[in-house]
>>> print(open('run13.cif').read())   # mmCIF, C-alpha atoms
data_target
loop_
_atom_site.label_atom_id
_atom_site.label_comp_id
_atom_site.auth_asym_id
_atom_site.auth_seq_id
_atom_site.Cartn_x
_atom_site.Cartn_y
_atom_site.Cartn_z
CA PHE A 194 -5.98 52.25 73.81
CA VAL A 195 -9.32 53.62 75.06
CA SER A 196 -9.58 54.39 78.76
CA LEU A 197 -12.34 52.54 80.62
CA ASN A 198 -11.61 54.09 84.03
CA LYS A 199 -8.61 55.14 86.13
CA ASP A 200 -7.33 51.54 86.29
CA LEU A 201 -8.03 50.03 82.89
CA ALA A 202 -7.86 50.65 79.16
CA LYS A 203 -8.77 48.47 76.17
CA LYS A 204 -7.83 48.04 72.55
CA GLY A 205 -9.90 45.42 70.77
CA TYR A 206 -8.98 42.10 72.38
CA ILE A 207 -6.28 43.57 74.66
CA LEU A 208 -6.74 44.88 78.20
CA LEU A 209 -4.16 47.25 79.67
CA VAL A 210 -3.83 47.03 83.45
CA ASP A 211 -0.90 48.06 85.66
CA ASN A 212 1.16 48.71 82.50
CA LYS A 213 0.62 45.08 81.52
CA GLN A 214 -1.21 43.94 78.38
CA ILE A 215 -3.51 40.92 78.68
CA LYS A 216 -4.89 39.46 75.47
CA PHE A 217 -8.21 37.65 75.25
CA LYS A 218 -9.91 35.73 72.44
CA LYS A 219 -13.00 37.92 72.53
CA LEU A 220 -13.67 41.60 71.93
CA ILE A 221 -13.68 43.55 75.20
CA VAL A 222 -16.67 45.83 75.89
CA GLU A 223 -16.18 46.89 79.52
CA ALA A 224 -14.12 45.97 82.58
CA SER A 225 -13.67 46.87 86.26
CA LYS A 226 -10.89 46.19 88.75
CA LYS A 227 -10.86 45.55 92.50
CA ASP A 228 -7.53 44.69 94.12
CA ASN A 229 -6.13 41.73 92.13
CA LEU A 230 -9.42 40.90 90.39
CA VAL A 231 -10.60 42.21 87.03
CA ALA A 232 -14.12 41.55 85.72
CA ILE A 233 -14.38 41.74 81.93
CA LEU A 234 -17.54 41.87 79.81
CA PHE A 235 -17.17 40.71 76.18
CA SER A 236 -19.09 41.52 73.00
CA ASP A 237 -20.62 38.02 72.82
CA ASN A 238 -22.37 38.72 76.16
CA SER A 239 -20.05 36.62 78.29
CA MET A 240 -17.85 37.56 81.25
CA THR A 241 -14.55 36.50 82.78
CA LEU A 242 -13.07 37.14 86.20
CA PHE A 243 -9.28 37.43 85.84
CA ASP A 244 -6.89 37.11 88.80
CA LEU A 245 -3.82 39.32 88.29
CA ASN A 246 -1.86 37.50 90.98
CA LYS A 247 -2.45 34.11 89.37
CA ASN A 248 -2.27 35.59 85.85
CA LYS A 249 -5.28 33.58 84.72
CA ALA A 250 -9.06 33.54 84.56
CA VAL A 251 -10.60 32.07 87.70
CA PHE A 252 -14.07 31.69 86.22
CA SER A 253 -16.14 32.61 83.19
CA GLU A 254 -19.86 32.70 82.44
CA PRO A 255 -21.81 32.96 79.17
CA PHE A 256 -25.13 34.79 79.06
CA ASP A 257 -28.01 34.67 76.59
CA ALA A 258 -27.38 35.78 73.01
CA LEU A 259 -28.32 39.36 72.16
CA LEU A 260 -29.99 40.86 69.10
CA GLY A 261 -28.40 44.32 69.20
CA LEU A 262 -26.17 46.56 71.27
CA ARG A 263 -26.32 50.27 71.99
CA LYS A 264 -23.20 52.36 72.37
CA PHE A 265 -23.20 52.94 76.13
CA VAL A 266 -22.58 49.93 78.36
CA ALA A 267 -22.25 50.05 82.15
CA PRO A 268 -19.09 48.48 83.64
CA PRO A 269 -19.21 45.57 86.12
CA LEU A 270 -19.53 46.50 89.79
CA PHE A 271 -17.79 44.98 92.81
CA TYR A 272 -19.69 45.24 96.10
CA LYS A 273 -18.36 43.53 99.24
CA ASN A 274 -18.27 39.81 98.36
CA LEU A 275 -20.48 40.26 95.30
CA LEU A 276 -19.77 40.89 91.62
CA ILE A 277 -22.59 42.48 89.62
CA ILE A 278 -22.40 42.09 85.85
CA PRO A 279 -24.64 44.32 83.69
CA THR A 280 -25.30 41.98 80.78
CA LEU A 281 -25.75 43.09 77.19
CA ASN A 282 -29.28 41.65 77.08
CA GLY A 283 -30.68 43.83 79.84
CA LYS A 284 -30.10 41.89 83.05
CA LEU A 285 -27.96 42.06 86.18
CA ALA A 286 -26.08 38.84 86.91
CA ILE A 287 -25.00 38.69 90.56
CA PHE A 288 -22.13 36.39 91.56
CA ASN A 289 -20.73 35.37 94.93
CA LEU A 290 -16.99 36.07 94.70
CA LYS A 291 -16.14 33.47 97.33
CA THR A 292 -18.00 30.56 95.76
CA LYS A 293 -17.73 31.84 92.15
CA GLN A 294 -21.40 30.99 91.68
CA LEU A 295 -24.28 32.88 90.10
CA ILE A 296 -26.71 33.85 92.87
CA ARG A 297 -29.49 35.44 90.84
CA GLU A 298 -30.41 37.43 87.75
CA ILE A 299 -32.49 40.61 87.79
CA VAL A 300 -34.25 41.91 84.69
CA VAL A 301 -33.67 45.60 83.98
CA SER A 302 -34.81 46.11 80.38
CA LYS A 303 -38.19 45.06 79.01
CA GLN A 304 -37.05 45.15 75.39
CA ASP A 305 -35.88 42.17 73.34
CA TYR A 306 -33.17 44.08 71.49
CA PHE A 307 -30.84 47.06 72.13
CA SER A 308 -31.54 46.35 75.79
CA ASN A 309 -28.11 46.48 77.40
CA VAL A 310 -27.69 48.04 80.84
CA ILE A 311 -26.32 51.58 80.37
CA PHE A 312 -26.00 52.64 84.03
CA LEU A 313 -25.06 50.77 87.20
CA ALA A 314 -24.15 52.38 90.52
CA LEU A 315 -24.41 52.13 94.29
CA ARG A 316 -25.52 55.00 96.47
CA GLY A 317 -25.32 53.91 100.09
CA ASP A 318 -27.22 50.62 100.28
CA THR A 319 -29.20 51.36 97.11
CA LEU A 320 -28.34 49.64 93.84
CA ILE A 321 -29.33 51.64 90.75
CA ALA A 322 -29.50 50.15 87.25
CA ALA A 323 -30.97 51.44 84.01
CA SER A 324 -31.43 50.48 80.38
CA ARG A 325 -32.70 52.83 77.68
CA ASP A 326 -36.31 51.99 78.53
CA ASN A 327 -36.38 51.29 82.26
CA ILE A 328 -34.76 52.10 85.60
CA ILE A 329 -34.73 50.03 88.79
CA THR A 330 -33.49 50.60 92.32
CA ILE A 331 -32.99 47.95 94.98
CA THR A 332 -32.58 48.57 98.69
CA PRO A 333 -33.00 45.95 101.43
CA GLY A 334 -36.65 44.94 101.22
CA ILE A 335 -37.61 47.49 98.54
CA PHE A 336 -37.67 47.09 94.75
CA SER A 337 -38.69 50.07 92.60
CA GLN A 338 -38.90 50.52 88.83
CA LYS A 339 -40.13 53.06 86.28
CA GLU A 340 -40.22 53.24 82.52
CA TYR A 341 -38.58 56.18 80.73
CA ASP A 342 -37.09 56.78 77.29
CA ILE A 343 -33.65 57.51 78.71
CA ARG A 344 -31.02 59.47 76.81
CA HIS A 345 -28.69 60.18 79.77
CA ILE A 346 -28.64 59.31 83.46
CA PHE A 347 -26.47 59.98 86.50
CA ALA A 348 -26.90 59.87 90.26
CA SER A 349 -25.85 62.09 93.14
CA GLU A 350 -25.77 60.95 96.75
CA ASN A 351 -29.55 61.03 97.28
CA ASN A 352 -31.07 61.64 93.85
CA ILE A 353 -31.15 60.30 90.30
CA TYR A 354 -31.27 62.59 87.26
CA ILE A 355 -32.78 61.32 84.02
CA PHE A 356 -32.64 63.13 80.67
CA THR A 357 -35.31 61.75 78.33
CA LEU A 358 -35.48 61.58 74.56
CA GLU A 359 -38.40 64.05 74.70
CA GLY A 360 -36.23 66.72 76.36
CA ASP A 361 -37.52 66.26 79.92
CA ILE A 362 -35.17 66.34 82.90
CA LYS A 363 -36.41 64.28 85.85
CA LYS A 364 -35.11 64.46 89.40
CA LEU A 365 -36.02 61.30 91.34
CA ASN A 366 -35.27 60.08 94.83
CA LEU A 367 -33.70 56.66 95.36
CA GLU A 368 -37.17 55.05 95.51
CA LEU A 369 -37.88 56.55 92.06
CA LYS A 370 -40.46 59.03 93.29
CA GLU A 371 -40.39 62.16 91.16
CA VAL A 372 -39.06 65.17 93.06
CA LYS A 373 -39.08 67.67 90.20
CA SER A 374 -39.33 67.78 86.41
CA VAL A 375 -38.53 70.42 83.81
CA SER A 376 -39.12 70.24 80.08
CA LEU A 377 -36.87 71.46 77.28
CA LYS A 378 -39.21 70.09 74.64
CA PHE A 379 -37.42 67.97 72.02
CA ALA A 380 -34.06 69.42 73.07
CA ASN A 381 -30.99 67.47 72.00
CA ILE A 382 -29.11 67.28 75.31
CA ILE A 383 -25.45 66.28 75.14
CA ALA A 384 -22.96 65.24 77.84
CA PRO A 385 -24.74 66.16 81.09
CA THR A 386 -22.50 66.06 84.16
CA LEU A 387 -22.68 66.93 87.83
CA VAL A 388 -19.92 69.20 89.16
CA SER A 389 -20.13 70.17 92.84
CA ASN A 390 -23.74 71.33 93.24
CA ASN A 391 -24.36 72.22 89.61
CA ILE A 392 -25.46 70.32 86.50
CA TYR A 393 -23.92 71.25 83.16
CA PHE A 394 -24.90 70.09 79.69
CA VAL A 395 -24.84 71.17 76.07
CA GLU A 396 -28.18 71.81 74.39
CA TYR A 397 -28.09 71.56 70.62
CA GLY A 398 -30.98 72.89 68.53
CA ASN A 399 -31.36 76.16 66.61
CA GLY A 400 -28.13 77.15 68.35
CA THR A 401 -25.64 75.49 70.64
CA TYR A 402 -25.97 76.42 74.30
CA LEU A 403 -24.11 75.62 77.48
CA VAL A 404 -26.68 75.21 80.23
CA LYS A 405 -25.98 75.40 83.94
CA MET A 406 -28.57 74.27 86.49
CA ASN A 407 -28.47 73.74 90.21
CA LYS A 408 -29.45 70.38 91.69
CA ASN A 409 -33.07 71.58 92.00
CA LEU A 410 -33.17 71.96 88.19
CA GLU A 411 -33.24 75.75 88.30
CA THR A 412 -31.42 77.38 85.40
CA GLN A 413 -28.68 79.74 86.51
CA LEU A 414 -26.80 80.41 83.30
CA LYS A 415 -27.40 79.91 79.60
CA GLU A 416 -24.80 81.04 77.11
CA LEU A 417 -24.83 80.81 73.34
CA GLN A 418 -21.72 79.15 71.97
CA GLU A 419 -20.62 80.04 68.46
CA LYS A 420 -20.64 77.14 66.02
CA LYS A 421 -17.29 76.33 64.53
#
>>> encode(input="run13.cif", output="structure tokens")
Amino acid sequence: FVSLNKDLAKKGYILLVDNKQIKFKKLIVEASKKDNLVAILFSDNSMTLFDLNKNKAVFSEPFDALLGLRKFVAPPLFYKNLLIIPTLNGKLAIFNLKTKQLIREIVVSKQDYFSNVIFLALRGDTLIAASRDNIITITPGIFSQKEYDIRHIFASENNIYIFTLEGDIKKLNLELKEVKSVSLKFANIIAPTLVSNNIYFVEYGNGTYLVKMNKNLETQLKELQEKK
């Protein structure tokens, strides 16, 4: 089994939850759990909401066919009485959990292929979503978007950090205004993560380096790691 998060793991068509295996007819891509409900996203770009108490699916929804899929896929997100599904063709499908109805769809990616949503999160009242080519944020009454060639992305409480294919690191506020930018030109940045008030990532080029930055993108430590 491959862990999806602290609650769920998957193996092909099987979902492991609460030490119980649930088998589906479709290949599982991602899933999220809230109380007795599990939202599952499948490889054919469809979703199912499964009720653990009833031991059955309470509703399912197909989405448009897709032409290609990148490796990283954001998991579904529960928010109050809403379920937000990041589809594999670059949209957010928002459902009302009480009525089990689709409320609206929001386009994230502008590409026709390899457009799946790779990041989905809430920070306060701000919804953040990104594909490989675009990022959007939604707060009550405000919609913001910007185009980037995104390699990695994560968000702190008040800021979003984007690592581009060109080796740029962008610090944005939640309205996507650029706060600061640094360039590690054409650097191959691997596995960036935020720990306390520091950002760590591996930079692979002529050598392999572990880079430590603070949240203002100031480099504090850079150590060469021996290749094995």
>>> atom_distance(input="run13.cif", atom1="CA of Leu290 in chain A", atom2="CA of Phe235 in chain A")
19.1 Å
>>> residues_near_point(input="run13.cif", point="(-33.4, 42.3, 82.4)", cutoff="7 Å", atoms="all atoms listed in the file", output="ChimeraX atom specification")
/A:282-285,299-303
>>> resolve_selection(input="run13.cif", expression="the PyMOL selection byres ((chain A and resi 377) around 10)", output="VMD selection string")
chain A and resid 356 to 357 359 to 362 375 to 376 378 to 382 396
>>> resolve_selection(input="run13.cif", expression="the PyMOL selection byres ((chain A and resi 404) around 12)", output="PyMOL selection string")
chain A and resi 377+380+382-387+391-397+401-403+405-407+410-418
>>> atom_distance(input="run13.cif", atom1="CA of Leu276 in chain A", atom2="CA of Ile355 in chain A")
25.4 Å
>>> closest_residue(input="run13.cif", among="A:Gln214, A:Asn238, A:Gln338, A:Thr292", to="Ser308 in chain A", atoms="all atoms listed in the file")
A:Asn238
>>> atom_distance(input="run13.cif", atom1="CA of Lys219 in chain A", atom2="CA of Lys204 in chain A")
11.4 Å
>>> resolve_selection(input="run13.cif", expression="the PyMOL selection byres ((chain A and resi 249) around 12)", output="list in words")
Ile215, Lys216, Phe217, Asn229, Leu230, Val231, Ala232, Thr241, Leu242, Phe243, Asp244, Leu245, Asn246, Lys247, Asn248, Ala250, Val251, Phe252 and Ser253 of chain A
>>> residues_around(input="run13.cif", residues="Leu320 in chain A", least_positions_apart="3", cutoff="10 Å", atoms="only C-alpha atoms", output="NGL selection string")
:A and (272 or 313-317 or 329-333 or 336 or 367)
>>> write_last_selection(input="run13.cif", atoms="C-alpha atoms", output="tab-separated table (two decimals), in the frame of the given file")
chain	number	residue	atom	x	y	z
A	272	TYR	CA	-19.69	45.24	96.10
A	313	LEU	CA	-25.06	50.77	87.20
A	314	ALA	CA	-24.15	52.38	90.52
A	315	LEU	CA	-24.41	52.13	94.29
A	316	ARG	CA	-25.52	55.00	96.47
A	317	GLY	CA	-25.32	53.91	100.09
A	329	ILE	CA	-34.73	50.03	88.79
A	330	THR	CA	-33.49	50.60	92.32
A	331	ILE	CA	-32.99	47.95	94.98
A	332	THR	CA	-32.58	48.57	98.69
A	333	PRO	CA	-33.00	45.95	101.43
A	336	PHE	CA	-37.67	47.09	94.75
A	367	LEU	CA	-33.70	56.66	95.36
>>> closest_residue(input="run13.cif", among="A:Ser324, A:Ser225, A:Asn351, A:Ser196", to="Thr280 in chain A", atoms="only C-alpha atoms")
A:Ser324
>>> closest_residue(input="run13.cif", among="A:Glu371, A:Asp342, A:Asp318, A:Asp326", to="Tyr306 in chain A", atoms="all atoms listed in the file")
A:Asp326
>>> closest_residue(input="run13.cif", among="A:Tyr206, A:Lys226, A:Ser349, A:Asn274", to="Lys291 in chain A", atoms="all atoms listed in the file")
A:Asn274
